[in-house]
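For reference, the structure discussed in these notes is given below.
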There are 2 protein chains.
Amino acid sequence: MNSTIEPLKQPAIPFIKEGYRRYRMTVEYCGDSFYGWQRQALTPTVQAELEDALVIVAREKVIVHGAGRTDTGVHALAQAAHFDVQTELHCDHVMLGINYFLKGKGAVVTSLVPVRPDFHARFSALSRSYRYYILNRRAASVVQYPYAWHIMRPLDHEAMQEAAQLLVGHHDFTAFRDKECQAQNPCRTLDAFDVIREGDLITTYLKSRAFLHHQVRIMMGTLKWVGTGHIKPSDVLDILTSRERKRAGQTAPSCGLFFLGADYPEHFD
Amino acid sequence: MNSTIEPLKQPAIPFIKEGYRRYRMTVEYCGDSFYGWQRQALTPTVQAELEDALVIVAREKVIVHGAGRTDTGVHALAQAAHFDVQTELHCDHVMLGINYFLKGKGAVVTSLVPVRPDFHARFSALSRSYRYYILNRRAASVVQYPYAWHIMRPLDHEAMQEAAQLLVGHHDFTAFRDKECQAQNPCRTLDAFDVIREGDLITTYLKSRAFLHHQVRIMMGTLKWVGTGHIKPSDVLDILTSRERKRAGQTAPSCGLFFLGADYPEHFD
């Protein structure tokens with residue numbers, strides 16, 4: 001689990017233009033309202049809404065860089081982001097202004113602070129954390145657990161936890177990444193993968209410096225097989241070493257996935 | 001706190017017709033989707049949706065009796081209800097059938113079981129519990145705490161807890177009931193009223209055999225005054241003894257209120 005062996009491309013010193021100030025913000029959003037994080041030509045995305053709000057509130061055209069480019073339908077409790085502007089911002093007023101613009105759109109800025117110019121939401125991140133919820137009962141939920149994968153068949157969460165532990169560590173996760181994943185290196189270091197049941201709710205917590213495309217959701221789809229007894233916990237190791245996507249489970253639905261946020265070195269606080 | 005002094009009208013033996021069987025169910029619903037629990041002529045209500053579903057699924061016209069008639073906008077995690085039918089039901093199939101009918105309507109039946117004919121969802125209840133959520137931060141929430149009263153000004157939750165404790169016990173709650181409340185007796189025994197803060201979320205838990213109309217929400221509106229320092233904790237006693245509705249705080253919004261459920265004697269389990 002030596003994270004130094006994980007090669008992630010990053011610039012030596014993130015670039016900031018002369019006369020600009022950098023601001024760090026935290027964003028909460030509901031995945032249902034957006035076609036993911038990244039700006040697209042015709043569909044609403046979180047990045048585009050934030051940039052459009054900042055043009056109006058801060059009166060400057062900006063690019064907002066996020067810690068993780070979440071997919072369509074994936075929620076975020078504390079997406080980290082940064083942007084550069086020439087003006088000195090009154091952070092509280094600007095945050096309220098952005099949130100006024102975002103009202104009813106499914107996103108909200110929960111913090112906005114000035115940050116050192118060498119902070120980069122994507123490249124400075126030490127780790128990223130996700131939570132995945134499964135509601136395991138006969139009836140769906142409308143208000144208590146509205147964001148969860150509803151699985152009616154009883155799941156053995158202890159077997160799921162056993163399987164999850166086999167995936168923790170530094171591995172080639174080719175079997176658990178989408179065919180369209182563009183990462184050059186399929187190796188990642190999974191720092192945590194914990195499965196906990198509280199009543200009908202199975203909560204999974206994952207932490208890694210970075211994840212491959214759909215890695216969390218394909219691992220969850222495979223853990224569902226373990227939970228229903230379709231495969232044994234140890235079978236996930238065979239799937240892992242096979243490096244074959246077709247041997248792993250389905251890509252679990254995005255509705256249960258929450259990007260919790262990214263961790264950064266303390267000197268950026 | 002002697003609950004025997006609380007006079008609630010109830011029939012000596014709840015009535016069940018010859019040849020009928022009684023079923024008990026638990027219902028979760030989102031207050032946004034309904035004009036409250038009780039059937040009305042023209043607007044969607046939870047009771048009406050359940051009765052309409054049961055006509056189709058169980059092929060009998062039934063009346064569904066709930067433990068508490070929640071207002072428009074109030075959510076329920078485990079509303080208790082009962083109904084009588086002549087047919088013996090396959091409970092799991094009927095529950096799935098009702099939930100198919102309810103899909104997308106904001107309500108779901110989470111349990112359905114046969115129950116003794118002397119069980120009555122309203123009259124057998126020993127107590128009812130509610131939770132009220134306040135989100136106390138600058139930014140609203142879209143996915144983490146979508147159902148909460150958003151208050152930007154910092155609230156002193158310890159002062160709110162101090163005030164809440166003064167309302168626990170047997171009192172005349174005239175100052176804290178809606179003018180349209182039809183209860184003959186304004187006295188109630190509040191068994192619990194606890195205010196807890198976890199980060200930005202202030203959670204309030206309330207328990208009583210029965211509540212007056214809008215009692216929880218008017219008490220919450222008054223506790224907001226305590227939290228902002230507009231009044232002292234001890235002032236709630238003056239408001240209570242004044243028996244004047246106009247001296248208490250606003251009726252807090254319904255969005256933060258959850259009916260948790262009712263407790264019944266063990267022999268009904």
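Letters A, B, ... mark the chains of the structure tokens in the order given; residue numbers begin at 1 per chain; ligand numbers begin at 1, in order shown.
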
At a cut-off of 7 Å, can you tabulate as a Markdown table every residue of chain B near chain A together with its closest atom pair and the distance in Å to one decimal, using only C-alpha atoms and ordering rows by chain then number?
| residue | atom | partner | partner_atom | distance |
| --- | --- | --- | --- | --- |
| B:Glu28 | CA | A:Val142 | CA | 6.9 |
| B:Tyr29 | CA | A:Val142 | CA | 6.1 |
| B:Cys30 | CA | A:Val143 | CA | 5.4 |
| B:Leu77 | CA | A:Gln144 | CA | 6.5 |
| B:Gly106 | CA | A:Val142 | CA | 5.7 |
| B:Ala107 | CA | A:Val142 | CA | 6.2 |
| B:Val108 | CA | A:Ser141 | CA | 6.6 |
| B:Val109 | CA | A:Ala139 | CA | 6.7 |
| B:Thr110 | CA | A:Ala139 | CA | 5.3 |
| B:Ala139 | CA | A:Thr110 | CA | 5.3 |
| B:Ala140 | CA | A:Val108 | CA | 6.8 |
| B:Ser141 | CA | A:Val108 | CA | 6.6 |
| B:Val142 | CA | A:Gly106 | CA | 5.8 |
| B:Val143 | CA | A:Cys30 | CA | 5.4 |
| B:Gln144 | CA | A:Leu77 | CA | 6.6 |

> Near range 152-169 of chain A, within 6 Å and counting only C-alpha atoms, which residues show up once chain neighbours fewer than 3 positions away are dropped, as a list of chain:residue names?
Replying inline: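 Once the adjacent positions are removed, what remains is A:Met1, A:Asn136, A:Arg137, A:Arg138, A:Thr189, A:Leu190, A:Asp191, A:Phe193, A:Val195, A:Leu223, A:Val226, A:Gly227, A:Thr228, A:Pro233.
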
Convert the current residue selection to file output with C-alpha atoms, as a CSV table (one decimal), in the first residue's frame.
chain,number,residue,atom,x,y,z
A,1,MET,CA,0.0,0.0,0.0
A,136,ASN,CA,-31.8,-4.1,1.4
A,137,ARG,CA,-35.5,-4.7,2.1
A,138,ARG,CA,-38.7,-5.6,0.3
A,189,THR,CA,-4.1,1.7,-4.4
A,190,LEU,CA,-7.4,1.1,-2.6
A,191,ASP,CA,-6.9,2.4,1.0
A,193,PHE,CA,-13.3,-0.6,1.3
A,195,VAL,CA,-19.1,-2.7,4.2
A,223,LEU,CA,-20.1,-7.3,-4.3
A,226,VAL,CA,-21.1,-12.0,-3.3
A,227,GLY,CA,-24.0,-10.7,-1.1
A,228,THR,CA,-26.6,-12.9,-2.9
A,233,PRO,CA,-15.9,-13.8,-1.5

>> From the options A:Phe101, A:Asp71, A:Leu89, A:Ala192, which residue's atoms come nearest to Phe34 in chain A, counting only C-alpha atoms?
In response: A:Asp71

>> From the options A:Arg24, A:Arg245, A:Arg128, A:His213, which residue's atoms come nearest to Pro114 in chain A, counting only C-alpha atoms?
In response: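 Checking each candidate against Pro114 in chain A, we get A:Arg24 as the closest.
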
> Can you tell me how far CA of Ala80 in chain B sits from CA of Pro265 in chain B, in Å to one decimal?
Replying inline: 13.4 Å

>> Just checking: using only C-alpha atoms, which residue out of A:Val46, A:Leu112, A:Ala53, A:Ala67 ends up closest to Asp269 in chain A?
In response: A:Leu112

>> I need the residue nearest Arg59 in chain A from this list: A:Gln86, A:Gln40, A:Thr241, A:Ser33. Use only C-alpha atoms for the distance.
In response: A:Gln86

>> Using DSSP secondary structure from the backbone, list all alpha helix (DSSP H) positions within range 1-248 of chain B, as JSON, numbers by chain.
In response: {"B": [46, 47, 48, 49, 50, 51, 52, 53, 54, 55, 56, 57, 91, 92, 93, 94, 95, 96, 97, 98, 99, 100, 101, 102, 157, 158, 159, 160, 161, 162, 163, 164, 165, 166, 167, 215, 216, 217, 218, 219, 220, 221, 222, 223, 224, 225, 226, 227, 228, 235, 236, 237, 238, 239, 240, 241, 242]}

> For Leu201 in chain B, which residue among B:Ala121, B:Ala148, B:Ile63, B:Val57 is the nearest when counting only C-alpha atoms?
Replying inline: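 The closest residue to Leu201 in chain B is B:Ala148.
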
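Atom pair CA of Phe268 in chain A / CA of Arg116 in chain A has a distance of 6.7 Å (rounded to one decimal).
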
>> Could you list, as a PyMOL selection string, every residue within 9 Å of Glu51 in chain A, counting only C-alpha atoms and ignoring same-chain residues fewer than 3 positions away?
In response: chain A and resi 46-48+54-56+61-64

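Near Ile202 in chain A, within 6 Å and counting only C-alpha atoms, sit Tyr133, Ile134, Ile196 and Arg197 of chain A, not including residues fewer than 5 positions from it in the same chain.
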